[in-house]
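Asks: See work.txt below, with compact mmCIF, C-alpha atoms.
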```txt
# COMPACT_ATOMS: atom_id res chain seq x y z
CA MET A 1 9.41 -15.25 14.01
CA VAL A 2 11.63 -14.57 11.04
CA LYS A 3 14.04 -17.42 10.22
CA LYS A 4 17.65 -16.70 9.32
CA GLY A 5 19.27 -17.99 6.18
CA GLN A 6 16.62 -17.52 3.51
CA LEU A 7 15.62 -14.47 1.52
CA MET A 8 12.02 -13.40 1.94
CA MET A 9 9.50 -11.58 -0.19
CA PHE A 10 6.52 -9.97 1.50
CA TRP A 11 3.84 -9.37 -1.09
CA GLY A 12 0.14 -8.64 -1.50
CA SER A 13 -2.32 -10.40 -3.80
CA GLU A 14 -3.82 -7.11 -4.97
CA CYS A 15 -0.56 -5.13 -5.11
CA PRO A 16 0.35 -4.31 -8.74
CA HIS A 17 4.03 -3.73 -7.86
CA CYS A 18 4.14 -7.27 -6.48
CA HIS A 19 2.70 -8.63 -9.70
CA VAL A 20 5.45 -6.85 -11.61
CA MET A 21 8.20 -8.16 -9.33
CA MET A 22 7.05 -11.77 -8.98
CA PRO A 23 8.25 -12.89 -12.46
CA LEU A 24 11.61 -11.20 -11.78
CA VAL A 25 11.96 -13.08 -8.51
CA GLU A 26 11.08 -16.35 -10.25
CA ARG A 27 13.63 -15.57 -12.96
CA LEU A 28 16.28 -14.95 -10.31
CA GLU A 29 15.41 -18.23 -8.62
CA ARG A 30 15.53 -20.08 -11.94
CA GLU A 31 18.72 -18.55 -13.31
CA GLU A 32 20.76 -18.13 -10.13
CA GLY A 33 19.43 -20.78 -7.76
CA VAL A 34 18.46 -18.12 -5.21
CA LYS A 35 15.40 -18.97 -3.15
CA PHE A 36 12.83 -16.56 -1.72
CA GLU A 37 10.23 -17.48 0.85
CA LYS A 38 7.15 -15.72 -0.56
CA LEU A 39 4.79 -14.48 2.10
CA GLU A 40 1.43 -12.99 1.14
CA VAL A 41 0.49 -10.52 3.86
CA TRP A 42 -3.09 -9.29 3.25
CA HIS A 43 -4.77 -12.69 3.25
CA ASN A 44 -2.54 -14.46 5.74
CA GLU A 45 -2.36 -12.99 9.25
CA SER A 46 0.59 -15.17 10.23
CA ASN A 47 2.62 -13.69 7.37
CA ALA A 48 1.42 -10.19 8.28
CA ARG A 49 2.73 -10.72 11.82
CA LYS A 50 6.12 -11.82 10.44
CA MET A 51 6.30 -8.61 8.43
CA ARG A 52 5.21 -6.44 11.37
CA ALA A 53 7.94 -8.02 13.51
CA ILE A 54 10.54 -6.32 11.31
CA ALA A 55 8.57 -3.12 10.63
CA ASP A 56 11.30 -0.85 11.99
CA ILE A 57 13.98 -2.41 9.76
CA ILE A 58 11.75 -2.14 6.70
CA LYS A 59 10.73 1.45 7.38
CA SER A 60 14.32 2.45 7.97
CA ALA A 61 15.49 0.87 4.70
CA CYS A 62 12.52 2.08 2.66
CA GLY A 63 12.24 5.77 3.44
CA GLY A 64 9.59 5.30 6.11
CA VAL A 65 7.31 3.20 3.92
CA PHE A 66 5.98 -0.09 5.27
CA GLY A 67 4.79 -1.52 2.00
CA THR A 68 4.83 -4.29 -0.53
CA PRO A 69 6.72 -5.78 -2.15
CA THR A 70 9.47 -5.89 0.43
CA PHE A 71 12.47 -8.17 0.03
CA TYR A 72 14.20 -9.08 3.25
CA ASP A 73 17.47 -10.78 4.09
CA PRO A 74 17.42 -11.99 7.72
CA GLU A 75 21.20 -12.59 7.73
CA ARG A 76 21.98 -8.94 7.06
CA ALA A 77 18.71 -7.48 8.42
CA ALA A 78 18.55 -5.71 5.07
CA ALA A 79 15.46 -4.78 3.11
CA LEU A 80 14.71 -3.68 -0.43
CA CYS A 81 11.31 -2.25 -1.33
CA GLY A 82 9.03 -1.57 -4.25
CA GLU A 83 9.39 -2.14 -7.96
CA GLN A 84 13.05 -2.54 -8.81
CA PRO A 85 14.98 -3.43 -11.98
CA TYR A 86 16.05 -7.08 -12.25
CA GLU A 87 19.75 -6.23 -12.02
CA LEU A 88 19.28 -4.29 -8.79
CA LEU A 89 17.28 -7.11 -7.22
CA ARG A 90 19.95 -9.60 -8.31
CA GLU A 91 22.75 -7.45 -6.90
CA TRP A 92 20.87 -7.03 -3.61
CA ALA A 93 20.23 -10.78 -3.33
CA PHE A 94 23.87 -11.64 -4.05
CA LYS A 95 25.16 -9.26 -1.41
CA GLY A 96 23.47 -11.55 1.11
CA LEU A 97 24.82 -14.70 -0.49
CA LYS A 98 28.37 -13.32 -0.44
CA THR A 99 27.99 -12.50 3.24
CA GLN A 100 26.78 -16.02 3.95
CA SER A 101 29.67 -17.57 1.95
CA ARG A 102 32.20 -15.54 3.89
CA ALA A 103 30.63 -16.54 7.18
CA GLN A 104 30.70 -20.20 6.20
CA ARG A 105 34.38 -19.98 5.16
CA HIS A 106 35.34 -18.61 8.58
CA LYS A 107 33.59 -21.39 10.51
CA MET B 1 -31.74 15.71 -1.70
CA GLY B 2 -29.66 12.76 -0.51
CA LYS B 3 -26.99 12.97 2.11
CA TYR B 4 -23.65 11.30 1.61
CA TYR B 5 -20.46 10.70 3.54
CA PHE B 6 -17.21 12.34 2.46
CA ARG B 7 -13.72 11.95 3.91
CA CYS B 8 -10.82 14.40 3.64
CA ALA B 9 -7.96 12.38 2.16
CA VAL B 10 -5.45 14.59 3.96
CA CYS B 11 -6.70 14.58 7.56
CA ASN B 12 -9.59 12.04 7.50
CA ASP B 13 -12.17 14.65 8.54
CA ILE B 14 -15.68 13.33 7.82
CA HIS B 15 -18.36 15.51 6.23
CA VAL B 16 -22.02 14.54 5.85
CA GLY B 17 -24.11 16.34 3.25
CA ALA B 18 -25.16 16.58 -0.37
CA SER B 19 -21.66 17.66 -1.42
CA PRO B 20 -18.35 18.24 0.34
CA PRO B 21 -16.87 21.63 1.19
CA LYS B 22 -14.19 22.80 -1.23
CA VAL B 23 -11.82 23.55 1.64
CA CYS B 24 -11.51 21.16 4.57
CA PRO B 25 -12.45 23.10 7.74
CA THR B 26 -10.10 20.93 9.80
CA CYS B 27 -6.84 20.97 7.82
CA GLY B 28 -7.44 23.56 5.09
CA ALA B 29 -6.77 21.14 2.22
CA VAL B 30 -8.47 22.09 -1.04
CA ARG B 31 -10.63 19.62 -3.05
CA ALA B 32 -9.48 16.85 -0.72
CA TYR B 33 -12.80 15.17 0.01
CA VAL B 34 -13.61 11.78 -1.44
CA ARG B 35 -17.00 10.12 -1.13
CA CYS B 36 -16.84 7.23 1.33
CA ASP B 37 -19.18 4.57 2.63
CA GLU B 38 -21.02 4.40 5.93
CA ARG B 39 -18.51 2.03 7.50
CA GLU B 40 -15.53 4.24 6.70
CA ALA B 41 -17.27 7.33 8.08
CA GLY B 42 -18.50 5.46 11.13
CA VAL B 43 -15.20 3.82 12.01
CA MET B 44 -13.30 7.08 11.50
CA GLN B 45 -15.72 8.93 13.77
CA GLY B 46 -15.98 6.11 16.27
CA PHE B 47 -19.71 5.34 16.05
CA LEU B 48 -19.25 2.04 14.18
CA GLU B 49 -17.02 -0.98 14.66
CA LYS B 50 -14.93 -2.28 11.76
CA GLY B 51 -17.45 -4.98 10.81
CA GLU B 52 -20.48 -2.70 10.85
CA GLY B 53 -22.14 -0.37 8.38
CA ARG B 54 -22.79 -0.46 4.66
CA THR B 55 -19.76 -0.72 2.42
CA PHE B 56 -19.21 0.25 -1.21
CA SER B 57 -19.04 -2.25 -4.06
CA ARG B 58 -16.07 -2.16 -6.43
CA SER B 59 -18.00 -0.06 -8.95
CA GLU B 60 -18.99 2.43 -6.24
CA VAL B 61 -15.37 2.72 -5.09
CA LEU B 62 -14.23 3.28 -8.66
CA GLU B 63 -16.90 5.94 -9.17
CA ALA B 64 -15.85 7.72 -5.96
CA LEU B 65 -12.19 7.66 -7.04
CA GLU B 66 -13.06 9.00 -10.49
CA GLN B 67 -15.05 11.84 -8.93
CA PHE B 68 -12.18 12.56 -6.53
CA ALA B 69 -9.68 12.75 -9.39
CA SER B 70 -11.75 15.06 -11.54
CA LYS B 71 -10.59 18.69 -11.63
CA GLN B 72 -7.35 17.81 -9.84
CA GLU B 73 -3.70 17.94 -10.87
CA PHE B 74 -3.78 14.13 -10.95
CA VAL B 75 -5.84 11.43 -12.65
CA LEU B 76 -6.52 7.78 -12.12
CA ASN B 77 -3.75 5.71 -13.67
CA PRO B 78 -4.63 5.08 -17.33
CA GLU B 79 -3.57 1.43 -16.84
CA LYS B 80 -7.05 0.06 -16.21
CA ASP B 81 -5.85 -3.38 -15.08
CA ARG B 82 -3.78 -1.77 -12.35
CA VAL B 83 -6.68 0.38 -11.17
CA SER B 84 -9.01 -2.62 -11.23
CA LEU B 85 -6.62 -4.70 -9.13
CA LEU B 86 -6.18 -1.89 -6.60
CA VAL B 87 -9.93 -1.32 -6.31
CA LYS B 88 -10.38 -5.06 -5.74
CA GLY B 89 -7.70 -4.83 -3.05
CA VAL B 90 -9.21 -1.94 -1.12
CA VAL B 91 -12.65 -3.58 -1.20
CA GLU B 92 -11.12 -6.89 0.00
CA ASN B 93 -9.24 -5.07 2.74
CA GLU B 94 -12.38 -3.33 3.94
CA LYS B 95 -14.19 -6.68 4.02
CA ASN B 96 -11.37 -8.53 5.78
CA HIS B 97 -9.68 -5.80 7.83
CA GLY B 98 -12.37 -3.17 8.37
CA LEU B 99 -11.15 -0.24 6.26
CA LYS B 100 -10.00 0.40 2.70
CA TYR B 101 -6.31 -0.01 3.44
CA CYS B 102 -3.87 0.43 0.56
CA PRO B 103 -3.12 -3.01 -0.96
CA CYS B 104 0.52 -1.96 -1.47
CA ARG B 105 1.25 -1.15 2.14
CA MET B 106 0.78 -2.96 5.40
CA THR B 107 -0.98 -2.13 8.62
CA VAL B 108 1.17 -1.94 11.75
CA GLY B 109 -1.67 -2.78 14.13
CA ASN B 110 -1.99 0.74 15.56
CA PHE B 111 -5.44 2.14 14.71
CA GLU B 112 -4.38 5.78 14.45
CA GLU B 113 -1.26 5.07 12.41
CA ASP B 114 -3.12 2.68 10.14
CA LEU B 115 -5.72 5.35 9.33
CA LEU B 116 -2.99 6.94 7.21
CA LEU B 117 -3.20 3.94 4.86
CA VAL B 118 -6.87 4.33 3.97
CA CYS B 119 -7.26 4.87 0.24
CA PRO B 120 -7.08 7.49 -1.09
CA CYS B 121 -4.37 8.55 1.34
CA ASN B 122 -2.49 11.84 1.65
CA PHE B 123 -0.20 10.76 -1.18
CA ARG B 124 1.14 14.21 -2.04
CA VAL B 125 3.58 13.86 0.86
CA GLN B 126 5.07 10.65 -0.53
CA LYS B 127 8.52 10.48 -2.08
CA THR B 128 7.12 8.60 -5.10
CA TRP B 129 4.75 11.51 -5.72
CA ARG B 130 7.56 14.05 -5.66
CA GLU B 131 10.03 11.98 -7.67
CA LYS B 132 7.88 9.86 -10.02
CA GLY B 133 4.61 11.74 -10.05
CA GLU B 134 2.57 8.87 -8.71
CA CYS B 135 1.35 7.66 -5.35
CA TRP B 136 3.04 4.66 -3.74
CA CYS B 137 0.60 2.15 -5.24
CA GLY B 138 0.32 3.92 -8.60
CA LEU B 139 -3.44 4.49 -8.38
CA PHE B 140 -3.04 8.21 -9.05
CA VAL B 141 -0.58 9.81 -11.45
CA LYS B 142 0.14 13.45 -12.13
CA ARG B 143 -1.76 14.91 -15.04
CA THR B 144 0.48 15.28 -18.08
CA ASP B 145 -1.91 17.57 -19.99
CA ALA B 146 -2.03 20.29 -17.32
```
Would you mind writing the file out in structure tokens?

Replies:
Amino acid sequence: MVKKGQLMMFWGSECPHCHVMMPLVERLEREEGVKFEKLEVWHNESNARKMRAIADIIKSACGGVFGTPTFYDPERAAALCGEQPYELLREWAFKGLKTQSRAQRHK
Amino acid sequence: MGKYYFRCAVCNDIHVGASPPKVCPTCGAVRAYVRCDEREAGVMQGFLEKGEGRTFSRSEVLEALEQFASKQEFVLNPEKDRVSLLVKGVVENEKNHGLKYCPCRMTVGNFEEDLLLVCPCNFRVQKTWREKGECWCGLFVKRTDA
């Protein structure tokens, strides 16, 4: 099942969009300290099952497409799909972090 | 004269013959047939299981895609590395998962629904086709010299 608290990236080894996004994800991790759990889905059935478990959320957020790459924030049940500019990915990732910070402050 | 398998990329109708019909008799799509291998035809029609039947090599898949894209309003993406990676992906997916599923999407585990992911798919209905002029994975792009 999907764990809460860590951003996820569902990707495919032979997906060109994923190859474009991977360096951007690594840059975000390096520059901002954000961490993504990277789950390859075409060669790992366990990862594929994790992605299928949230298929409805992904399809709803991604115009009906259940594809790769998909970025997923379990805290917000929010998804971002496809090739995206670095700034948009960064903004999306930080929305989740802000939510988590607020939640921690109210504990 | 040899007989080959062809699949309508719009409705997955299978045709067996020397060449495909110009108009699909099932859905009416024009120039929508792509040459496919025995496994794809057999699994679609229900006379083969996913692990059975002859499958295409990468070069045969590429040749079928090139033929499919000729005389259309789209072409194969001129980025050869991208096309090569996608062809590798569909061949891997057929070997590991039974059909040439798009490497940029994911199966849901429902046979009928997953048939919509077999490459080439009915990409003209996709938002990326309407807005960016390319299919979701970027294998096909709209012709710019039309």

Asks: Per residue of chain B within 10 Å of chain A, what are the shortest atom pair and its distance in Å to one decimal, counting all atoms listed in the file, with rows by chain and residue number, as JSON lines?

Replies:
```
{"residue": "B:Asp81", "atom": "CA", "partner": "A:Pro16", "partner_atom": "CA", "distance": 8.9}
{"residue": "B:Arg82", "atom": "CA", "partner": "A:Pro16", "partner_atom": "CA", "distance": 6.0}
{"residue": "B:Val83", "atom": "CA", "partner": "A:Pro16", "partner_atom": "CA", "distance": 8.8}
{"residue": "B:Ser84", "atom": "CA", "partner": "A:Glu14", "partner_atom": "CA", "distance": 9.3}
{"residue": "B:Leu85", "atom": "CA", "partner": "A:Glu14", "partner_atom": "CA", "distance": 5.6}
{"residue": "B:Leu86", "atom": "CA", "partner": "A:Glu14", "partner_atom": "CA", "distance": 6.0}
{"residue": "B:Val87", "atom": "CA", "partner": "A:Glu14", "partner_atom": "CA", "distance": 8.5}
{"residue": "B:Lys88", "atom": "CA", "partner": "A:Glu14", "partner_atom": "CA", "distance": 6.9}
{"residue": "B:Gly89", "atom": "CA", "partner": "A:Glu14", "partner_atom": "CA", "distance": 4.9}
{"residue": "B:Val90", "atom": "CA", "partner": "A:Glu14", "partner_atom": "CA", "distance": 8.4}
{"residue": "B:Glu92", "atom": "CA", "partner": "A:Glu14", "partner_atom": "CA", "distance": 8.8}
{"residue": "B:Asn93", "atom": "CA", "partner": "A:Trp42", "partner_atom": "CA", "distance": 7.5}
{"residue": "B:Asn96", "atom": "CA", "partner": "A:His43", "partner_atom": "CA", "distance": 8.2}
{"residue": "B:His97", "atom": "CA", "partner": "A:Trp42", "partner_atom": "CA", "distance": 8.8}
{"residue": "B:Tyr101", "atom": "CA", "partner": "A:Trp42", "partner_atom": "CA", "distance": 9.8}
{"residue": "B:Cys102", "atom": "CA", "partner": "A:Cys15", "partner_atom": "CA", "distance": 8.6}
{"residue": "B:Pro103", "atom": "CA", "partner": "A:Cys15", "partner_atom": "CA", "distance": 5.3}
{"residue": "B:Cys104", "atom": "CA", "partner": "A:Cys15", "partner_atom": "CA", "distance": 4.9}
{"residue": "B:Arg105", "atom": "CA", "partner": "A:Gly67", "partner_atom": "CA", "distance": 3.6}
{"residue": "B:Met106", "atom": "CA", "partner": "A:Gly67", "partner_atom": "CA", "distance": 5.5}
{"residue": "B:Thr107", "atom": "CA", "partner": "A:Phe66", "partner_atom": "CA", "distance": 8.0}
{"residue": "B:Val108", "atom": "CA", "partner": "A:Arg52", "partner_atom": "CA", "distance": 6.1}
{"residue": "B:Gly109", "atom": "CA", "partner": "A:Arg52", "partner_atom": "CA", "distance": 8.3}
{"residue": "B:Gln126", "atom": "CA", "partner": "A:Val65", "partner_atom": "CA", "distance": 9.0}
{"residue": "B:Lys127", "atom": "CA", "partner": "A:Gly63", "partner_atom": "CA", "distance": 8.2}
{"residue": "B:Trp136", "atom": "CA", "partner": "A:Gly67", "partner_atom": "CA", "distance": 8.6}
{"residue": "B:Cys137", "atom": "CA", "partner": "A:His17", "partner_atom": "CA", "distance": 7.3}
{"residue": "B:Gly138", "atom": "CA", "partner": "A:Pro16", "partner_atom": "CA", "distance": 8.2}
{"residue": "B:Leu139", "atom": "CA", "partner": "A:Pro16", "partner_atom": "CA", "distance": 9.6}
```

Asks: So that I can check the surroundings of region 52-62 of chain B, please list as number ranges by chain every protein, DNA and RNA residue that reaches within 12 Å of it, counting all atoms listed in the file and ignoring chain neighbours fewer than 3 positions away.

Replies: B: 5, 34-44, 46-49, 65-69, 76-77, 80, 83-100, 119-120, 139

Asks: Quick one, how far is CA of Ala64 (chain B) from CA of Tyr4 (chain B)?

Replies: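 Separating CA of Ala64 (chain B) from CA of Tyr4 (chain B) is a distance of 11.4 Å.
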
Asks: Quick one: pull the distance between CA of Ser46 (chain A) and CA of Leu24 (chain A), Å, one decimal.

Replies: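 We find that CA of Ser46 (chain A) and CA of Leu24 (chain A) lie 24.9 Å from each other.
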
Asks: Please identify all polymer residues lying at most 8 Å from the point (-23.5, 12.0, 3.4) (file coordinates), using all atoms listed in the file, and present the result as a compact mmCIF listing (two decimals) with C-alpha atoms, in the coordinates of the input.

Replies:
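Written out: out_24.txt:
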```txt
# COMPACT_ATOMS: atom_id res chain seq x y z
CA GLY B 2 -29.66 12.76 -0.51
CA LYS B 3 -26.99 12.97 2.11
CA TYR B 4 -23.65 11.30 1.61
CA TYR B 5 -20.46 10.70 3.54
CA PHE B 6 -17.21 12.34 2.46
CA HIS B 15 -18.36 15.51 6.23
CA VAL B 16 -22.02 14.54 5.85
CA GLY B 17 -24.11 16.34 3.25
CA ALA B 18 -25.16 16.58 -0.37
CA SER B 19 -21.66 17.66 -1.42
```

Asks: Have a look at CA of Leu117 (chain B) and CA of Ala9 (chain B) and let me know their distance in Å, one decimal.

Replies: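 CA of Ala9 (chain B) lies at a distance of 10.1 Å from CA of Leu117 (chain B).
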
Asks: Excluding region 25-38 of chain A and any residue of its chain fewer than 6 positions from it, enumerate the residues within 8 Å of it, using all atoms listed in the file, and give them as a PyMOL selection string.

Replies: chain A and resi 6-11+90+93
